[in-house]
Structures are given as structure tokens and as C-alpha cells.
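Engineer: Contents of run_34.txt (compact mmCIF, C-alpha atoms):
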```
# COMPACT_ATOMS: atom_id res chain seq x y z
CA MET X 24 -0.13 4.22 -21.97
CA ASP X 25 -1.50 6.03 -18.94
CA ILE X 26 -4.46 5.34 -16.66
CA ALA X 27 -6.20 8.62 -17.49
CA THR X 28 -6.37 7.72 -21.20
CA LEU X 29 -7.73 4.27 -20.43
CA ILE X 30 -10.43 5.78 -18.21
CA GLN X 31 -11.43 8.08 -21.04
CA ASP X 32 -11.49 5.20 -23.52
CA TYR X 33 -13.26 2.57 -21.41
CA GLY X 34 -15.15 4.59 -18.79
CA ALA X 35 -18.49 4.21 -20.54
CA ALA X 36 -18.07 0.43 -20.91
CA LEU X 37 -17.08 0.21 -17.25
CA GLU X 38 -20.20 2.08 -16.17
CA SER X 39 -22.38 -0.09 -18.38
CA ARG X 40 -21.06 -3.41 -17.06
CA TYR X 41 -20.20 -2.63 -13.40
CA HIS X 42 -22.64 0.16 -12.57
CA ALA X 43 -24.27 -1.75 -9.70
CA ARG X 44 -20.90 -2.67 -8.14
CA LEU X 45 -19.17 0.72 -8.31
CA LEU X 46 -18.84 2.23 -4.84
CA PRO X 47 -18.48 5.96 -4.09
CA SER X 48 -14.79 5.37 -3.33
CA HIS X 49 -14.37 3.79 -6.78
CA ARG X 50 -15.99 6.75 -8.48
CA ARG X 51 -13.80 9.22 -6.59
CA ALA X 52 -10.69 7.26 -7.56
CA LEU X 53 -11.73 7.17 -11.22
CA ASP X 54 -12.36 10.88 -11.34
CA ALA X 55 -9.12 11.73 -9.51
CA MET X 56 -6.95 9.55 -11.76
CA SER X 57 -8.61 10.84 -14.93
CA ALA X 58 -8.04 14.44 -13.75
CA CYS X 59 -4.44 13.97 -12.57
CA ARG X 60 -2.25 16.63 -14.18
CA LYS X 61 -5.18 17.66 -16.35
CA ARG X 62 -8.05 19.07 -14.27
CA CYS X 63 -6.47 19.52 -10.83
CA GLY X 64 -5.21 23.06 -11.30
CA GLU X 65 -1.94 24.65 -12.32
CA LEU X 66 1.19 26.34 -11.02
CA LEU X 67 2.07 29.68 -12.59
CA LEU X 68 5.87 29.94 -12.82
CA GLN X 69 7.98 32.89 -13.94
CA CYS X 70 11.64 33.42 -14.68
CA GLU X 71 13.04 36.34 -12.68
CA HIS X 72 15.62 37.06 -15.37
CA CYS X 73 13.71 37.11 -18.65
CA ARG X 74 10.20 37.32 -17.09
CA ARG X 75 9.01 34.41 -19.21
CA SER X 76 5.95 32.66 -17.70
CA THR X 77 4.82 29.07 -17.92
CA THR X 78 2.27 26.79 -16.24
CA VAL X 79 2.66 23.29 -14.77
CA PRO X 80 -0.34 21.00 -14.07
CA LEU X 81 -0.97 19.74 -10.52
CA SER X 82 -1.29 16.08 -9.53
CA CYS X 83 -4.42 14.59 -7.97
CA GLY X 84 -2.65 13.15 -4.90
CA HIS X 85 -5.01 10.16 -4.72
CA ARG X 86 -3.34 7.14 -3.10
CA SER X 87 -4.58 4.84 -5.88
CA CYS X 88 -3.02 6.97 -8.62
CA PRO X 89 0.22 5.43 -9.98
CA LYS X 90 1.61 8.91 -10.68
CA CYS X 91 1.35 10.01 -7.04
CA GLN X 92 3.12 7.19 -5.15
CA HIS X 93 6.74 8.36 -4.99
CA GLN X 94 6.13 10.92 -2.25
CA ASP X 95 4.50 8.29 0.01
CA ALA X 96 7.43 5.91 -0.40
CA THR X 97 9.94 8.65 0.39
CA ALA X 98 8.03 9.79 3.48
CA TRP X 99 7.79 6.18 4.74
CA LEU X 100 11.50 5.62 4.21
CA ASN X 101 12.38 8.79 6.15
CA ARG X 102 10.16 7.75 9.05
CA GLN X 103 11.58 4.25 9.19
CA SER X 104 15.17 5.48 8.88
CA SER X 105 14.73 7.41 12.12
CA LYS X 106 13.74 4.09 13.79
CA LEU X 107 16.59 2.09 12.34
CA LEU X 108 18.13 -0.70 14.46
CA PRO X 109 21.34 -2.67 13.68
CA VAL X 110 19.57 -6.03 13.63
CA PRO X 111 18.19 -8.35 10.93
CA TYR X 112 14.76 -7.40 9.59
CA PHE X 113 12.05 -9.91 8.74
CA MET X 114 9.11 -9.81 6.34
CA VAL X 115 6.10 -11.70 7.73
CA THR X 116 3.20 -12.08 5.28
CA PHE X 117 -0.27 -13.03 6.52
CA THR X 118 -2.50 -14.22 3.67
CA LEU X 119 -6.29 -14.49 3.71
CA PRO X 120 -7.41 -17.88 2.32
CA ALA X 121 -9.39 -17.94 -0.91
CA GLU X 122 -12.57 -19.12 0.88
CA LEU X 123 -12.72 -15.81 2.81
CA ARG X 124 -12.07 -13.39 -0.05
CA GLN X 125 -15.74 -12.87 -0.94
CA THR X 126 -16.47 -12.18 2.72
CA ALA X 127 -13.60 -9.69 2.78
CA TRP X 128 -14.93 -7.97 -0.34
CA ARG X 129 -18.42 -7.55 1.15
CA HIS X 130 -17.10 -6.23 4.51
CA GLN X 131 -13.81 -4.62 3.54
CA ARG X 132 -13.25 -2.19 6.40
CA ARG X 133 -14.27 -4.70 9.08
CA VAL X 134 -12.30 -7.64 7.67
CA TYR X 135 -9.15 -5.61 6.98
CA THR X 136 -9.26 -4.22 10.52
CA ALA X 137 -9.71 -7.73 11.91
CA MET X 138 -6.74 -8.93 9.84
CA PHE X 139 -4.50 -6.25 11.37
CA ARG X 140 -5.65 -7.10 14.88
CA ALA X 141 -5.24 -10.86 14.45
CA ALA X 142 -1.84 -10.63 12.74
CA GLN X 143 -0.46 -8.17 15.29
CA ALA X 144 -1.75 -10.29 18.18
CA SER X 145 -0.20 -13.44 16.68
CA LEU X 146 3.21 -11.82 16.41
CA ASN X 147 2.98 -10.41 19.94
CA THR X 148 1.94 -13.81 21.33
CA LEU X 149 4.95 -15.63 19.86
CA GLY X 150 7.24 -12.72 20.64
CA ALA X 151 6.30 -12.84 24.33
CA ASP X 152 6.55 -16.65 24.54
CA PRO X 153 9.83 -17.68 26.27
CA LYS X 154 10.07 -20.65 23.91
CA TRP X 155 10.51 -18.25 21.01
CA LEU X 156 11.78 -14.81 21.99
CA GLY X 157 10.17 -13.91 25.31
CA GLU X 158 10.24 -10.17 24.67
CA LYS X 159 8.08 -7.25 23.54
CA ILE X 160 8.59 -6.72 19.84
CA GLY X 161 7.88 -3.89 17.40
CA MET X 162 6.48 -4.12 13.90
CA THR X 163 5.10 -2.19 10.94
CA GLY X 164 2.25 -3.65 8.88
CA VAL X 165 1.11 -2.70 5.37
CA LEU X 166 -2.06 -4.04 3.74
CA HIS X 167 -2.04 -5.19 0.12
CA THR X 168 -5.11 -6.50 -1.69
CA HIS X 169 -3.62 -7.44 -5.08
CA THR X 170 -1.37 -9.95 -6.74
CA ARG X 171 0.97 -9.12 -9.61
CA ARG X 172 -1.80 -10.29 -11.95
CA LEU X 173 -4.15 -7.73 -10.28
CA ASP X 174 -6.32 -10.48 -8.78
CA TYR X 175 -8.06 -9.79 -5.46
CA HIS X 176 -5.83 -11.33 -2.80
CA PRO X 177 -5.86 -9.56 0.61
CA HIS X 178 -2.68 -9.97 2.66
CA ILE X 179 -0.63 -7.97 5.15
CA HIS X 180 3.15 -7.57 5.09
CA PHE X 181 4.73 -7.00 8.50
CA ILE X 182 8.27 -5.72 8.90
CA VAL X 183 9.69 -6.96 12.21
CA PRO X 184 13.16 -6.14 13.62
CA GLY X 185 14.83 -9.31 14.93
CA GLY X 186 14.70 -8.77 18.68
CA GLY X 187 12.69 -7.33 21.53
CA ILE X 188 12.69 -5.35 24.77
CA GLN X 189 13.17 -7.19 28.04
CA ASN X 190 12.00 -5.53 31.27
CA SER X 191 13.33 -6.90 34.56
CA GLY X 192 12.42 -4.72 37.50
CA GLN X 193 13.80 -1.23 36.88
CA HIS X 194 16.17 -2.37 34.15
CA THR X 195 15.49 -2.53 30.42
CA SER X 196 17.60 -4.59 28.07
CA TRP X 197 17.53 -5.80 24.47
CA ARG X 198 17.50 -9.41 23.37
CA SER X 199 18.34 -10.25 19.79
CA GLY X 200 16.88 -13.14 17.84
CA GLU X 201 18.82 -16.14 16.61
CA GLY X 202 20.54 -15.05 13.42
CA ASN X 203 18.29 -15.12 10.36
CA PHE X 204 15.42 -16.89 12.13
CA LEU X 205 12.45 -15.29 13.87
CA PHE X 206 9.34 -17.54 13.96
CA TYR X 207 8.04 -20.63 12.18
CA GLY X 208 5.40 -19.68 9.63
CA SER X 209 3.25 -22.69 10.58
CA ALA X 210 3.05 -21.53 14.22
CA LEU X 211 2.06 -18.02 13.14
CA ALA X 212 -0.52 -19.41 10.69
CA ALA X 213 -2.26 -21.47 13.39
CA LEU X 214 -2.44 -18.47 15.72
CA PHE X 215 -3.61 -16.16 12.93
CA ARG X 216 -6.38 -18.55 11.90
CA GLY X 217 -7.83 -18.77 15.41
CA LYS X 218 -7.53 -15.08 16.23
CA LEU X 219 -8.98 -13.89 12.93
CA MET X 220 -11.97 -16.25 13.12
CA TYR X 221 -12.61 -15.04 16.69
CA GLU X 222 -12.45 -11.39 15.54
CA LEU X 223 -14.83 -11.96 12.63
CA ILE X 224 -17.38 -13.93 14.67
CA ALA X 225 -17.26 -11.34 17.46
CA ASP X 226 -17.96 -8.65 14.84
CA GLY X 227 -21.04 -10.53 13.61
CA ILE X 228 -19.60 -11.52 10.23
CA HIS X 229 -20.92 -14.81 8.87
CA LEU X 230 -18.13 -17.20 7.90
CA PRO X 231 -18.23 -19.81 5.11
CA ILE X 232 -19.03 -23.35 6.20
CA ARG X 233 -15.82 -24.90 4.89
CA LEU X 234 -12.56 -23.18 5.75
CA PRO X 235 -9.12 -24.76 5.29
CA ARG X 236 -7.45 -26.07 8.42
CA LYS X 237 -4.00 -24.97 7.28
CA TRP X 238 -3.40 -21.33 6.47
CA VAL X 239 -0.29 -19.74 4.96
CA VAL X 240 2.06 -17.30 6.71
CA ASP X 241 5.54 -16.66 5.32
CA CYS X 242 8.38 -15.40 7.53
CA SER X 243 11.71 -14.62 5.87
CA CYS X 244 14.77 -12.49 6.58
CA VAL X 245 15.17 -9.47 4.28
CA GLY X 246 18.54 -8.20 5.44
CA ARG X 247 19.49 -5.44 7.81
CA GLY X 248 20.00 -1.70 7.92
CA LEU X 249 19.08 1.04 5.52
CA SER X 250 19.47 -1.11 2.39
CA ALA X 251 16.66 -3.39 3.55
CA LEU X 252 14.43 -0.40 4.26
CA ARG X 253 15.09 1.08 0.84
CA TYR X 254 14.11 -2.19 -0.81
CA LEU X 255 10.97 -2.46 1.32
CA SER X 256 9.93 1.16 0.66
CA ARG X 257 9.86 0.46 -3.06
CA TYR X 258 7.93 -2.77 -2.50
CA LEU X 259 5.40 -1.59 0.07
CA TYR X 260 4.36 1.70 -1.47
CA ARG X 261 4.23 0.91 -5.13
CA GLY X 262 0.90 1.39 -6.82
CA VAL X 263 -1.33 -1.43 -7.97
CA ILE X 264 0.37 -1.23 -11.36
CA ALA X 265 3.06 1.00 -12.82
CA GLU X 266 1.99 2.72 -16.01
CA ARG X 267 5.17 1.53 -17.74
CA ASN X 268 3.83 -2.03 -17.38
CA ILE X 269 0.73 -1.24 -19.48
CA ILE X 270 1.90 -2.53 -22.84
CA ALA X 271 -0.98 -1.88 -25.23
CA SER X 272 -4.61 -0.87 -25.62
CA HIS X 273 -6.07 -2.15 -28.87
CA ASN X 274 -9.48 -3.36 -30.10
CA GLY X 275 -11.07 -2.79 -26.72
CA GLN X 276 -8.45 -4.83 -24.85
CA VAL X 277 -5.61 -3.83 -22.53
CA THR X 278 -2.38 -5.83 -22.16
CA PHE X 279 -0.03 -5.44 -19.22
CA SER X 280 3.12 -7.20 -18.06
CA TYR X 281 4.11 -8.59 -14.67
CA VAL X 282 6.87 -10.76 -13.20
CA ASP X 283 5.71 -14.19 -12.09
CA SER X 284 6.71 -14.67 -8.45
CA ALA X 285 7.47 -18.37 -8.91
CA THR X 286 9.39 -18.43 -12.21
CA LYS X 287 10.71 -14.82 -12.15
CA GLN X 288 9.75 -14.62 -15.81
CA VAL X 289 7.95 -11.70 -17.44
CA CYS X 290 4.37 -12.67 -18.25
CA TYR X 291 1.54 -10.85 -20.01
CA ARG X 292 -2.16 -10.65 -19.31
CA THR X 293 -4.83 -9.26 -21.64
CA LEU X 294 -8.25 -8.08 -20.44
CA LYS X 295 -11.13 -6.13 -21.85
CA GLY X 296 -10.70 -2.43 -21.13
CA GLU X 297 -13.59 -2.26 -18.68
CA ASP X 298 -12.39 -5.41 -16.90
CA PHE X 299 -8.90 -3.95 -16.56
CA LEU X 300 -10.31 -0.80 -14.93
CA TRP X 301 -12.44 -2.94 -12.63
CA CYS X 302 -9.31 -4.87 -11.60
CA LEU X 303 -7.75 -1.57 -10.54
CA LEU X 304 -10.85 -0.40 -8.68
CA ARG X 305 -11.14 -3.60 -6.65
CA HIS X 306 -8.00 -2.51 -4.80
CA VAL X 307 -9.20 0.98 -3.84
CA LEU X 308 -9.34 0.91 -0.04
CA PRO X 309 -12.30 2.29 1.94
CA ARG X 310 -12.09 6.02 2.50
CA GLY X 311 -9.91 6.95 5.46
CA PHE X 312 -8.63 3.41 6.02
CA ARG X 313 -4.96 3.34 7.11
CA ARG X 314 -3.10 0.66 5.20
CA SER X 315 0.17 1.19 7.13
CA ARG X 316 0.29 0.78 10.93
CA ASP X 317 3.07 0.70 13.53
CA TYR X 318 2.99 -1.37 16.73
CA GLY X 319 5.07 -1.92 19.87
CA TYR X 320 8.18 0.19 20.31
CA LEU X 321 7.81 1.38 16.67
CA HIS X 322 4.47 3.07 17.43
CA PRO X 323 4.57 6.89 17.28
CA ASN X 324 3.53 7.05 20.95
CA ALA X 325 6.55 4.92 21.98
CA ARG X 326 9.30 7.32 20.96
CA LYS X 327 10.95 7.27 24.40
CA LYS X 328 11.05 3.47 24.43
CA LEU X 329 12.52 3.38 20.92
CA ALA X 330 15.12 6.01 21.87
CA LEU X 331 16.12 3.82 24.83
CA VAL X 332 16.53 0.78 22.57
CA GLN X 333 18.64 2.79 20.14
CA LEU X 334 20.78 3.98 23.07
CA ILE X 335 21.27 0.40 24.29
CA LEU X 336 22.28 -0.75 20.80
CA GLN X 337 24.48 2.34 20.28
CA VAL X 338 22.68 3.23 17.07
CA LYS X 339 24.24 5.82 14.82
CA LEU X 340 21.36 6.98 12.70
CA PRO X 341 22.07 8.00 9.11
CA ALA X 342 21.44 11.63 8.36
CA VAL X 343 17.97 12.05 6.90
CA VAL X 344 18.40 14.09 3.76
CA PRO X 345 15.15 15.80 2.82
CA VAL X 346 14.10 15.10 -0.73
CA VAL X 347 14.22 18.34 -2.67
CA LYS X 348 12.32 18.35 -5.91
CA ARG X 349 14.32 19.43 -8.89
CA ALA X 350 13.59 23.06 -9.66
CA LEU X 351 12.07 23.74 -13.06
CA SER X 352 14.30 25.79 -15.30
CA CYS X 353 13.50 28.44 -17.84
CA VAL X 354 13.74 27.21 -21.44
CA CYS X 355 15.42 30.46 -22.48
CA CYS X 356 18.06 31.20 -19.84
CA ASP X 357 18.13 27.88 -17.92
CA LEU X 358 17.61 29.63 -14.56
CA PRO X 359 15.24 28.33 -11.86
CA LEU X 360 11.61 29.38 -12.18
CA LYS X 361 9.78 30.99 -9.27
CA ILE X 362 6.22 30.07 -8.27
CA VAL X 363 4.05 33.13 -8.77
CA GLU X 364 0.60 31.72 -8.09
CA ILE X 365 -1.21 28.42 -7.54
CA PHE X 366 -4.53 27.93 -9.29
CA ARG X 367 -6.31 25.11 -7.48
CA ARG X 368 -9.47 23.84 -9.09
CA ARG X 369 -11.93 21.44 -7.52
CA ILE X 370 -11.86 18.13 -9.37
CA PRO X 371 -15.33 17.98 -10.95
CA PHE X 372 -17.03 14.61 -10.77
CA ASN X 373 -17.77 13.34 -14.24
CA PRO X 374 -21.55 13.17 -14.82
CA LEU X 375 -21.14 9.55 -15.97
CA PHE X 376 -20.13 8.52 -12.46
CA HIS X 377 -23.43 9.87 -11.13
CA GLY X 378 -25.64 7.87 -13.43
CA ALA X 379 -26.15 10.52 -16.10
CA GLY X 380 -25.53 8.01 -18.89
CA HIS X 381 -22.95 7.38 -21.55
CA ALA X 382 -23.69 10.54 -23.49
CA ALA X 383 -22.31 12.56 -20.61
CA TRP X 384 -19.00 10.70 -20.84
CA SER X 385 -18.65 11.20 -24.55
CA THR X 386 -19.08 14.95 -24.19
```
Written as C-alpha cells, that's how I'd like the structure from this file.
Structural biologist:
Amino acid sequence: MDIATLIQDYGAALESRYHARLLPSHRRALDAMSACRKRCGELLLQCEHCRRSTTVPLSCGHRSCPKCQHQDATAWLNRQSSKLLPVPYFMVTFTLPAELRQTAWRHQRRVYTAMFRAAQASLNTLGADPKWLGEKIGMTGVLHTHTRRLDYHPHIHFIVPGGGIQNSGQHTSWRSGEGNFLFYGSALAALFRGKLMYELIADGIHLPIRLPRKWVVDCSCVGRGLSALRYLSRYLYRGVIAERNIIASHNGQVTFSYVDSATKQVCYRTLKGEDFLWCLLRHVLPRGFRRSRDYGYLHPNARKKLALVQLILQVKLPAVVPVVKRALSCVCCDLPLKIVEIFRRRIPFNPLFHGAGHAAWST
């Protein structure tokens, strides 16, 4: 099963049921994913030996498309490998409580931005506190809005190297954390709650009357070195759902599999086709919103500071091997094909997604 086929099968039902809730970003994502490797243009390839020609379809490149995620993960891994430090790495997850999810849905860009600010400030506050680390730390945050069941569940994963920069006069030194411990999750949760509520109120966003007093922040060690980064690259840049996990589409219903985080068992969930598509669209981020952000000495503008830290720690960076796509071979002589021409076509918006009615989809 692939997403494009499901959009073709259940697009009309989706428009009928969720027409009033579909945003322009949702419609663009639907059209891009339905056109991926079908209506995005073609590459004209030719064998220089036998002169045989063939065409290859182009991908849509949309960040919500499950077929176009591998390149993002590889690029992220290459960037992070150049910042590698020989220290333990920690995954810190800031979760938005259920009582604020409707508010987040109505004001996505503003709430997501406030979450980044509050989470980053909470980590910096504890990092600079002498009781904890007392140093300036670096971190990389990635926003996720889904659970494995595809429910709406905004949270941010931060990757934090275990240590920080200490400035004393004209001297700069590095202070490592204590083994596999960084911060208590309860201390981060209390800070995150106060800072996020302050950000939202200052932005004029109305908060629900009853909010929980205890929020949830998880802080755990995920190993060290390149192996940890490779694991995290697969985790952070995966799509909302891999197409291999879509098990069946039958009688207007779609079944997909997922691994339960608590039991580690494979579970299955069945939804109506239009509801399944809506579950995917709920996690399309606002246009232009950056879901991955670097802070501290990992920020792109802090390259000199990062280079100094790597010099202090005597880092020997692994050679970054550029990912070379496998060359397509001729079916006759098995020699590499050469790109002759690229035919790029504008992805046409389907008339259904502009309110033209179901007849437009069926044609």
C-alpha cells in the first residue's frame, strides 16, 4: 500500500467530511504526496553504449511524504557528525499536556515556537546552575506532533551532549557531566511549565482554566559517539508513518501496524480511509516552520566555539562520506545511464482540493 493510492481512493470522502478543517498546507501536502513519482516530472536517461533511452519519475520532495525522508535523515547525520563530541548524549523529551493540545492545534505556529523557546530556556537554566552543571550547554531540538498510533501529541526531542563550556577570564575549558546523568526530569518539567505558560500568556493565547500541576519531561542517556547519532537520525527524521506499516485497505477502512512503546509488541489500528488521511494531515507543520533547531555551541553561528571545544577534547572526527546514489544501469548492457534531460512539471492542484466537488476527483 502507498499513500498516493489511498489519497486517490479516499480523497473524495476526506473532502466531504473534513472540508471545513482542511488548511492550505494540508491541501498542498495531499497534492504533493498523490503526485510523488507520478506527476512531478521525469528524468530522461540514455545509455552511451547502446543508445537505449528510458525515463524515471521525479519525487515530490515534500517533507510530509514518506517516500522523501531518507535524504533529510542523511543530511542531518552528516551535519551532526561534524559536531561530534566524545561524551555521552542525552535525549530530553518535553511533552505538551493533553489539556493544551486543542490550544496548540488552533495556534500551531505560535504554540510550537513557544514550546521551543520554553524548552531551550529550561535546559539553559539548569545547565548554567552551579548545583547541576554550571556551564553553557549545546543542544539540538526536533519537533514531533504524533504518537505511534498517529494521535495528535506535540512534543520536542532535544539531543544534549553531556557537558558544557566554562569561561573563566580569558580561558575556556570543558566540564563533563556525571556519567550517564544530566538533569532530573521533574526539575525540567517544573521549569518548562512556568516558562511555556509565560510565553503563551505574553503572546495573547488564552489558556484552559484547569491545567495539571505536574508535567512530564523525560531525560535519558542514549549512548555516545557516531552510533548514537545514527540511531537518532533514523528516529528523528522518519515520516509520520512508513508505507510498509500500512497493512491493508479494504471496505473503506485502512489498517496499519505500530510498536507499542510500553509493551514493545506489534499492534494494529483500523480507521476509515478518510479518518486515516486526516490523521496524517494533522501532523503537517505550518509552511516554512523549522522543526529542527540548534542552540548554544551547536548553533551554526557558533562554529568557532564548537571548534575550540573539539580541540580541547582532542576530537578526531570521522570522515564524512558523501552519500552517492546508486547509478541506474541499462537493462541491455548493464552500464550506467547518463542523464540527458530533466522534464520538470508543476504539480497541478487537484480541482477537488479547491472546492470543485467530488466529480472533479473522480475524473
Engineer: Would you mind telling me which residue in X:Gly84, X:Glu65, X:Gly187, X:Asp174 lies nearest to Pro153 (chain X) when using only C-alpha atoms?
Structural biologist: X:Gly187
Engineer: Restricting the calculation to only C-alpha atoms, which member of X:Gln69, X:Ser105, X:Ser57, X:Thr118 is positioned closest to Tyr135 (chain X)?
Structural biologist: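 Smallest distance to Tyr135 (chain X) is found for X:Thr118.
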Engineer: Give the answer as one residue: which of X:Leu294, X:Leu146, X:Leu223, X:Ala98 has the shortest atom-to-atom distance to Thr278 (chain X), using only C-alpha atoms?
Structural biologist: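 Smallest distance to Thr278 (chain X) is found for X:Leu294.
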Engineer: Nearest to Arg40 (chain X) among X:Cys355, X:Cys244, X:Ala330, X:Leu300, with distances taken over all atoms listed in the file: which residue is it?
Structural biologist: X:Leu300
Engineer: Measure the distance from CA of Met162 (chain X) to CA of Pro184 (chain X) in Å and round it to one decimal.
Structural biologist: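 CA of Met162 (chain X) sits 7.0 Å away from CA of Pro184 (chain X).
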Engineer: If we count all atoms listed in the file, what is near Asn268 (chain X) at a cut-off of 10 Å, once residues fewer than 4 positions away on the same chain are taken out, given as a PyMOL selection string?
Structural biologist: chain X and resi 24-25+264+278-281+291
Engineer: X:Leu219, X:Pro47, X:Phe181, X:Arg253: which is nearest Leu123 (chain X), counting all atoms listed in the file?
Structural biologist: X:Leu219
Engineer: Determine, for each residue of region 152-172 of chain X having at least one atom at most 9 Å from an atom of region 320-323 of chain X, the closest pair of atoms and their separation in Å to one decimal, counting all atoms listed in the file; order by chain and ascending number, as a Markdown table.
Structural biologist:
```
| residue | atom | partner | partner_atom | distance |
| --- | --- | --- | --- | --- |
| X:Lys159 | CA | X:Tyr320 | CA | 8.1 |
| X:Ile160 | CA | X:Tyr320 | CA | 6.9 |
| X:Gly161 | CA | X:Tyr320 | CA | 5.0 |
| X:Met162 | CA | X:Leu321 | CA | 6.3 |
| X:Thr163 | CA | X:Leu321 | CA | 7.3 |
```
Engineer: Between CA of Arg314 (chain X) and CA of His178 (chain X), what is the distance, to one decimal in Å?
Structural biologist: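 According to the coordinates, CA of Arg314 (chain X) and CA of His178 (chain X) are separated by 10.9 Å.
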Engineer: Counting all atoms listed in the file, find the residues whose atoms lie at most 6 Å from (14.3, -10.5, 21.4) (file coordinates) and write them out as a count of residues only.
Structural biologist: 7
Engineer: Name the closest residue to Thr78 (chain X) among the candidates X:Phe139, X:Tyr33, X:Tyr318, X:Phe366; distances are taken between atoms, counting only C-alpha atoms.
Structural biologist: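 The answer is X:Phe366, which sits nearest to Thr78 (chain X).
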Engineer: Set the distance at 8 Å and use all atoms listed in the file: which residues neighbour Ala55 (chain X) once local chain neighbours fewer than 2 positions away are removed? I'd like the list as a list in words.
Structural biologist: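 Contacts, in chain order: Arg51, Ala52, Leu53, Ser57, Ala58, Cys59, Cys83, His85, Cys88 and Ile370 of chain X.
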